[in-house]
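Down below is the structure, laid out as structure tokens.
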Amino acid sequence: CVYPETYFGRTSRRRLRRRPCVGAAAAGEGEEAAYLAPISPSRTELIDAAFDRLTLEDAKCGGGGETVDELKEGRGAGESVGEAAVLGPGAQIIDLGCGDGRWLLAAAKRFRDLKVTCRGYDLDERLLGVAQKAIIDEGCGDAVSVEMMDLLKADISEASLVVAYLFREGCVIVQQKLQNEMRKGAGVLSVGFEMRGWERRWDLKIHGINVYFYRIA
């Protein structure tokens with residue numbers, strides 16, 4: 001899929017600087033959304049680097065061969081080194097604020113052999129349209145889906161990995177959701193800002209954008 005280059009232009013950044021991704025559920029009933037996502041989309045090099053590192057770390061845990069059920073029970077190849085891989089067969093990857101779906105599409109293609117399922121949520125109808133077209137064009141309809149939904153209403157209880165690209169304010173409230181709803185040992189890739197108070201496992205920086213990786217304790 002060829003993504004619109006205007007996403008990287010100054011005009012687009014000004015126009016979409018405060019694109020809402022978390023709605024009334026974040027701000028409280030009847031109040032305007034206060035937790036918003038950056039609009040600059042992640043470049044391919046950043047996504048590839050993050051998944052390269054995740055793959056490397058999973059290999060150290062035994063290669064990502066555990067099933068989802070084994071991961072939930074704390075069993076599997078990673079047991080020998082004290083921790084299971086994040087992604088195993090049938091893993092679910094969720095993007096909170098998925099935009100045009102590039103993280104989801106990259107994950108579906110990178111981890112196709114694991115038969116992962118990738119789901120994304122956003123409130124930007126235009127970007128979701130771009131994502132849906134890309135899913136069709138790249139033949140990923142069996143693995144990737146996107147939906148217009150408030151991030152805080154998304155079901156992340158079965159997620160093996162969550163990707164979140166939010167402003168610092170958004171990280172605070174979404175962090176509570178991640179901690180409360182995700183299973184122990186699941187992974188979180190936070191793009192742009194840290195999840196304060198959490199111990200990051202690793203981080204990287206590409207084109208001035210940081211990615212921080214955590215595991216739910």
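Labeling convention for the structure tokens: chains A, B, ... as they appear, residues from 1 per chain, ligands from 1 in order of appearance.
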
Close residues, Asp95 (chain A) itself excluded, 9 Å, only C-alpha atoms, min 4 positions apart in chain, as a PDB file with N, CA, C and O atoms, in the first residue's frame:
ATOM      1  N   GLY A  99      -4.705   4.374  13.431  1.00  0.00           N
ATOM      2  CA  GLY A  99      -4.532   5.232  12.272  1.00  0.00           C
ATOM      3  C   GLY A  99      -4.732   4.483  10.969  1.00  0.00           C
ATOM      4  O   GLY A  99      -5.756   3.834  10.757  1.00  0.00           O
ATOM      5  N   GLY A 101      -3.253   1.867   9.964  1.00  0.00           N
ATOM      6  CA  GLY A 101      -3.068   0.430  10.107  1.00  0.00           C
ATOM      7  C   GLY A 101      -1.700  -0.112   9.798  1.00  0.00           C
ATOM      8  O   GLY A 101      -1.516  -1.331   9.716  1.00  0.00           O
ATOM      9  N   TRP A 103       1.106  -0.450  11.532  1.00  0.00           N
ATOM     10  CA  TRP A 103       1.681  -1.380  12.508  1.00  0.00           C
ATOM     11  C   TRP A 103       1.015  -2.752  12.382  1.00  0.00           C
ATOM     12  O   TRP A 103       1.682  -3.802  12.455  1.00  0.00           O
ATOM     13  N   LEU A 104      -0.290  -2.762  12.204  1.00  0.00           N
ATOM     14  CA  LEU A 104      -1.034  -4.010  12.097  1.00  0.00           C
ATOM     15  C   LEU A 104      -0.635  -4.789  10.852  1.00  0.00           C
ATOM     16  O   LEU A 104      -0.425  -6.013  10.904  1.00  0.00           O
ATOM     17  N   CYS A 118      -4.572  -9.489  14.119  1.00  0.00           N
ATOM     18  CA  CYS A 118      -4.237  -8.101  14.421  1.00  0.00           C
ATOM     19  C   CYS A 118      -5.491  -7.241  14.352  1.00  0.00           C
ATOM     20  O   CYS A 118      -6.186  -7.236  13.328  1.00  0.00           O
ATOM     21  N   ARG A 119      -5.760  -6.499  15.424  1.00  0.00           N
ATOM     22  CA  ARG A 119      -6.956  -5.661  15.491  1.00  0.00           C
ATOM     23  C   ARG A 119      -6.557  -4.243  15.873  1.00  0.00           C
ATOM     24  O   ARG A 119      -5.696  -4.033  16.737  1.00  0.00           O
ATOM     25  N   GLY A 120      -7.204  -3.272  15.228  1.00  0.00           N
ATOM     26  CA  GLY A 120      -6.902  -1.881  15.520  1.00  0.00           C
ATOM     27  C   GLY A 120      -8.144  -1.066  15.794  1.00  0.00           C
ATOM     28  O   GLY A 120      -9.229  -1.358  15.265  1.00  0.00           O
ATOM     29  N   TYR A 121      -7.991  -0.045  16.639  1.00  0.00           N
ATOM     30  CA  TYR A 121      -9.107   0.820  17.015  1.00  0.00           C
ATOM     31  C   TYR A 121      -8.701   2.272  16.859  1.00  0.00           C
ATOM     32  O   TYR A 121      -7.581   2.662  17.216  1.00  0.00           O
ATOM     33  N   ASP A 122      -9.612   3.079  16.347  1.00  0.00           N
ATOM     34  CA  ASP A 122      -9.353   4.502  16.167  1.00  0.00           C
ATOM     35  C   ASP A 122     -10.687   5.210  16.021  1.00  0.00           C
ATOM     36  O   ASP A 122     -11.723   4.557  15.819  1.00  0.00           O
ATOM     37  N   LEU A 161       0.183  -8.647  22.608  1.00  0.00           N
ATOM     38  CA  LEU A 161       0.962  -7.420  22.418  1.00  0.00           C
ATOM     39  C   LEU A 161       0.018  -6.278  22.092  1.00  0.00           C
ATOM     40  O   LEU A 161      -0.873  -6.421  21.244  1.00  0.00           O
ATOM     41  N   VAL A 162       0.207  -5.149  22.762  1.00  0.00           N
ATOM     42  CA  VAL A 162      -0.539  -3.932  22.456  1.00  0.00           C
ATOM     43  C   VAL A 162       0.440  -2.858  22.007  1.00  0.00           C
ATOM     44  O   VAL A 162       1.485  -2.650  22.633  1.00  0.00           O
ATOM     45  N   VAL A 163       0.097  -2.199  20.904  1.00  0.00           N
ATOM     46  CA  VAL A 163       0.859  -1.050  20.415  1.00  0.00           C
ATOM     47  C   VAL A 163       0.037   0.195  20.711  1.00  0.00           C
ATOM     48  O   VAL A 163      -1.170   0.232  20.441  1.00  0.00           O
ATOM     49  N   ALA A 164       0.670   1.217  21.290  1.00  0.00           N
ATOM     50  CA  ALA A 164      -0.042   2.456  21.603  1.00  0.00           C
ATOM     51  C   ALA A 164       0.836   3.650  21.246  1.00  0.00           C
ATOM     52  O   ALA A 164       1.997   3.716  21.647  1.00  0.00           O
ATOM     53  N   TYR A 165       0.269   4.575  20.474  1.00  0.00           N
ATOM     54  CA  TYR A 165       0.986   5.797  20.082  1.00  0.00           C
ATOM     55  C   TYR A 165       0.127   6.971  20.531  1.00  0.00           C
ATOM     56  O   TYR A 165      -0.787   7.401  19.829  1.00  0.00           O
TER      57      TYR A 165
END

Quiz item: So which residues touch Ser42 (chain A) within 10 Å, counting only C-alpha atoms, skipping near sequence neighbours fewer than 6 positions away, as a PyMOL selection string?
Solution: chain A and resi 8+99+102-103+165+191-192+206-207+209

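Of the residues under consideration (A:Leu96, A:Val86, A:Leu105, A:Val188), A:Leu105 shows the shortest atom-to-atom contact distance to Ala143 (chain A) when counting only C-alpha atoms.
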
Exercise. From region 109-201 of chain A, collect each residue whose DSSP state is strand (DSSP E) and return the set as a PyMOL selection string.
Key: chain A and resi 117-122+144-148+161-165+187-191

Mind dumping the selected residues with all heavy atoms as a compact mmCIF listing (two decimals), in the first residue's frame?
# COMPACT_ATOMS: atom_id res chain seq x y z
N THR A 117 -3.45 -12.71 14.85
CA THR A 117 -4.59 -11.87 14.47
C THR A 117 -4.30 -10.46 14.97
O THR A 117 -3.83 -10.27 16.09
CB THR A 117 -5.91 -12.38 15.08
OG1 THR A 117 -5.79 -12.43 16.50
CG2 THR A 117 -6.25 -13.75 14.55
N CYS A 118 -4.57 -9.49 14.12
CA CYS A 118 -4.24 -8.10 14.42
C CYS A 118 -5.49 -7.24 14.35
O CYS A 118 -6.19 -7.24 13.33
CB CYS A 118 -3.19 -7.58 13.43
SG CYS A 118 -1.69 -8.59 13.33
N ARG A 119 -5.76 -6.50 15.42
CA ARG A 119 -6.96 -5.66 15.49
C ARG A 119 -6.56 -4.24 15.87
O ARG A 119 -5.70 -4.03 16.74
CB ARG A 119 -7.93 -6.21 16.52
CG ARG A 119 -8.50 -7.57 16.16
CD ARG A 119 -9.11 -8.26 17.37
NE ARG A 119 -10.04 -7.40 18.09
CZ ARG A 119 -10.47 -7.68 19.32
NH1 ARG A 119 -10.03 -8.74 19.96
NH2 ARG A 119 -11.32 -6.87 19.90
N GLY A 120 -7.20 -3.27 15.23
CA GLY A 120 -6.90 -1.88 15.52
C GLY A 120 -8.14 -1.07 15.79
O GLY A 120 -9.23 -1.36 15.26
N TYR A 121 -7.99 -0.04 16.64
CA TYR A 121 -9.11 0.82 17.02
C TYR A 121 -8.70 2.27 16.86
O TYR A 121 -7.58 2.66 17.22
CB TYR A 121 -9.52 0.55 18.46
CG TYR A 121 -9.92 -0.88 18.70
CD1 TYR A 121 -9.00 -1.79 19.21
CD2 TYR A 121 -11.21 -1.32 18.40
CE1 TYR A 121 -9.36 -3.12 19.43
CE2 TYR A 121 -11.57 -2.65 18.61
CZ TYR A 121 -10.64 -3.54 19.12
OH TYR A 121 -10.99 -4.84 19.32
N ASP A 122 -9.61 3.08 16.35
CA ASP A 122 -9.35 4.50 16.17
C ASP A 122 -10.69 5.21 16.02
O ASP A 122 -11.72 4.56 15.82
CB ASP A 122 -8.47 4.74 14.94
CG ASP A 122 -7.64 6.01 15.05
OD1 ASP A 122 -8.24 7.10 15.11
OD2 ASP A 122 -6.40 5.93 15.08
N VAL A 144 -6.11 -9.14 9.67
CA VAL A 144 -6.15 -7.77 10.16
C VAL A 144 -7.56 -7.20 10.06
O VAL A 144 -8.25 -7.37 9.04
CB VAL A 144 -5.19 -6.85 9.37
CG1 VAL A 144 -5.21 -5.43 9.94
CG2 VAL A 144 -3.77 -7.41 9.37
N SER A 145 -7.99 -6.52 11.11
CA SER A 145 -9.27 -5.82 11.08
C SER A 145 -9.14 -4.52 11.87
O SER A 145 -8.32 -4.43 12.80
CB SER A 145 -10.39 -6.67 11.69
OG SER A 145 -10.13 -6.96 13.05
N VAL A 146 -9.90 -3.51 11.50
CA VAL A 146 -9.91 -2.24 12.20
C VAL A 146 -11.34 -1.84 12.49
O VAL A 146 -12.27 -2.24 11.78
CB VAL A 146 -9.19 -1.13 11.39
CG1 VAL A 146 -7.72 -1.43 11.23
CG2 VAL A 146 -9.85 -0.93 10.03
N GLU A 147 -11.50 -1.05 13.54
CA GLU A 147 -12.85 -0.68 13.97
C GLU A 147 -12.83 0.73 14.57
O GLU A 147 -11.88 1.11 15.25
CB GLU A 147 -13.35 -1.68 15.01
CG GLU A 147 -14.77 -1.45 15.48
CD GLU A 147 -15.23 -2.51 16.46
OE1 GLU A 147 -14.49 -3.50 16.66
OE2 GLU A 147 -16.33 -2.35 17.02
N MET A 148 -13.91 1.48 14.31
CA MET A 148 -14.06 2.78 14.94
C MET A 148 -14.58 2.59 16.35
O MET A 148 -15.71 2.16 16.55
CB MET A 148 -15.00 3.67 14.13
CG MET A 148 -15.15 5.08 14.72
SD MET A 148 -16.22 6.15 13.72
CE MET A 148 -15.21 6.36 12.26
N LEU A 161 0.18 -8.65 22.61
CA LEU A 161 0.96 -7.42 22.42
C LEU A 161 0.02 -6.28 22.09
O LEU A 161 -0.87 -6.42 21.24
CB LEU A 161 1.96 -7.60 21.27
CG LEU A 161 2.80 -6.37 20.90
CD1 LEU A 161 3.81 -6.05 22.00
CD2 LEU A 161 3.52 -6.58 19.57
N VAL A 162 0.21 -5.15 22.76
CA VAL A 162 -0.54 -3.93 22.46
C VAL A 162 0.44 -2.86 22.01
O VAL A 162 1.49 -2.65 22.63
CB VAL A 162 -1.34 -3.43 23.68
CG1 VAL A 162 -1.81 -1.99 23.46
CG2 VAL A 162 -2.55 -4.32 23.93
N VAL A 163 0.10 -2.20 20.90
CA VAL A 163 0.86 -1.05 20.41
C VAL A 163 0.04 0.20 20.71
O VAL A 163 -1.17 0.23 20.44
CB VAL A 163 1.11 -1.15 18.90
CG1 VAL A 163 1.88 0.07 18.40
CG2 VAL A 163 1.87 -2.43 18.56
N ALA A 164 0.67 1.22 21.29
CA ALA A 164 -0.04 2.46 21.60
C ALA A 164 0.84 3.65 21.25
O ALA A 164 2.00 3.72 21.65
CB ALA A 164 -0.40 2.50 23.09
N TYR A 165 0.27 4.57 20.47
CA TYR A 165 0.99 5.80 20.08
C TYR A 165 0.13 6.97 20.53
O TYR A 165 -0.79 7.40 19.83
CB TYR A 165 1.20 5.81 18.57
CG TYR A 165 2.15 6.87 18.06
CD1 TYR A 165 2.45 6.95 16.71
CD2 TYR A 165 2.76 7.80 18.91
CE1 TYR A 165 3.32 7.91 16.20
CE2 TYR A 165 3.63 8.75 18.42
CZ TYR A 165 3.91 8.82 17.06
OH TYR A 165 4.77 9.77 16.56
N GLY A 187 2.94 -8.10 26.28
CA GLY A 187 3.85 -7.01 25.92
C GLY A 187 3.14 -5.74 25.53
O GLY A 187 2.01 -5.76 25.03
N VAL A 188 3.81 -4.61 25.75
CA VAL A 188 3.30 -3.30 25.36
C VAL A 188 4.40 -2.54 24.64
O VAL A 188 5.51 -2.38 25.17
CB VAL A 188 2.83 -2.48 26.58
CG1 VAL A 188 2.41 -1.07 26.14
CG2 VAL A 188 1.69 -3.17 27.29
N LEU A 189 4.12 -2.08 23.43
CA LEU A 189 5.01 -1.19 22.69
C LEU A 189 4.41 0.20 22.75
O LEU A 189 3.36 0.46 22.17
CB LEU A 189 5.13 -1.63 21.23
CG LEU A 189 6.08 -2.78 20.90
CD1 LEU A 189 5.94 -3.17 19.44
CD2 LEU A 189 7.53 -2.39 21.20
N SER A 190 5.06 1.10 23.47
CA SER A 190 4.59 2.48 23.57
C SER A 190 5.46 3.34 22.65
O SER A 190 6.68 3.43 22.84
CB SER A 190 4.69 2.98 25.01
OG SER A 190 4.23 4.32 25.11
N VAL A 191 4.83 3.95 21.67
CA VAL A 191 5.53 4.76 20.68
C VAL A 191 5.47 6.23 21.08
O VAL A 191 4.38 6.76 21.34
CB VAL A 191 4.92 4.57 19.28
CG1 VAL A 191 5.75 5.30 18.23
CG2 VAL A 191 4.80 3.09 18.94

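The shortest atom-to-atom distance to Val130 (chain A), with only C-alpha atoms taken into account, belongs to A:Cys98 out of A:Leu46, A:Cys61, A:Met195, A:Cys98.
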
Quiz prompt | Distance criterion (only C-alpha atoms): nearest to Lys153 (chain A) out of A:Gly129, A:Tyr212, A:Leu178, A:Asp137 | solution =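 Of all the options, A:Leu178 lies closest to Lys153 (chain A).
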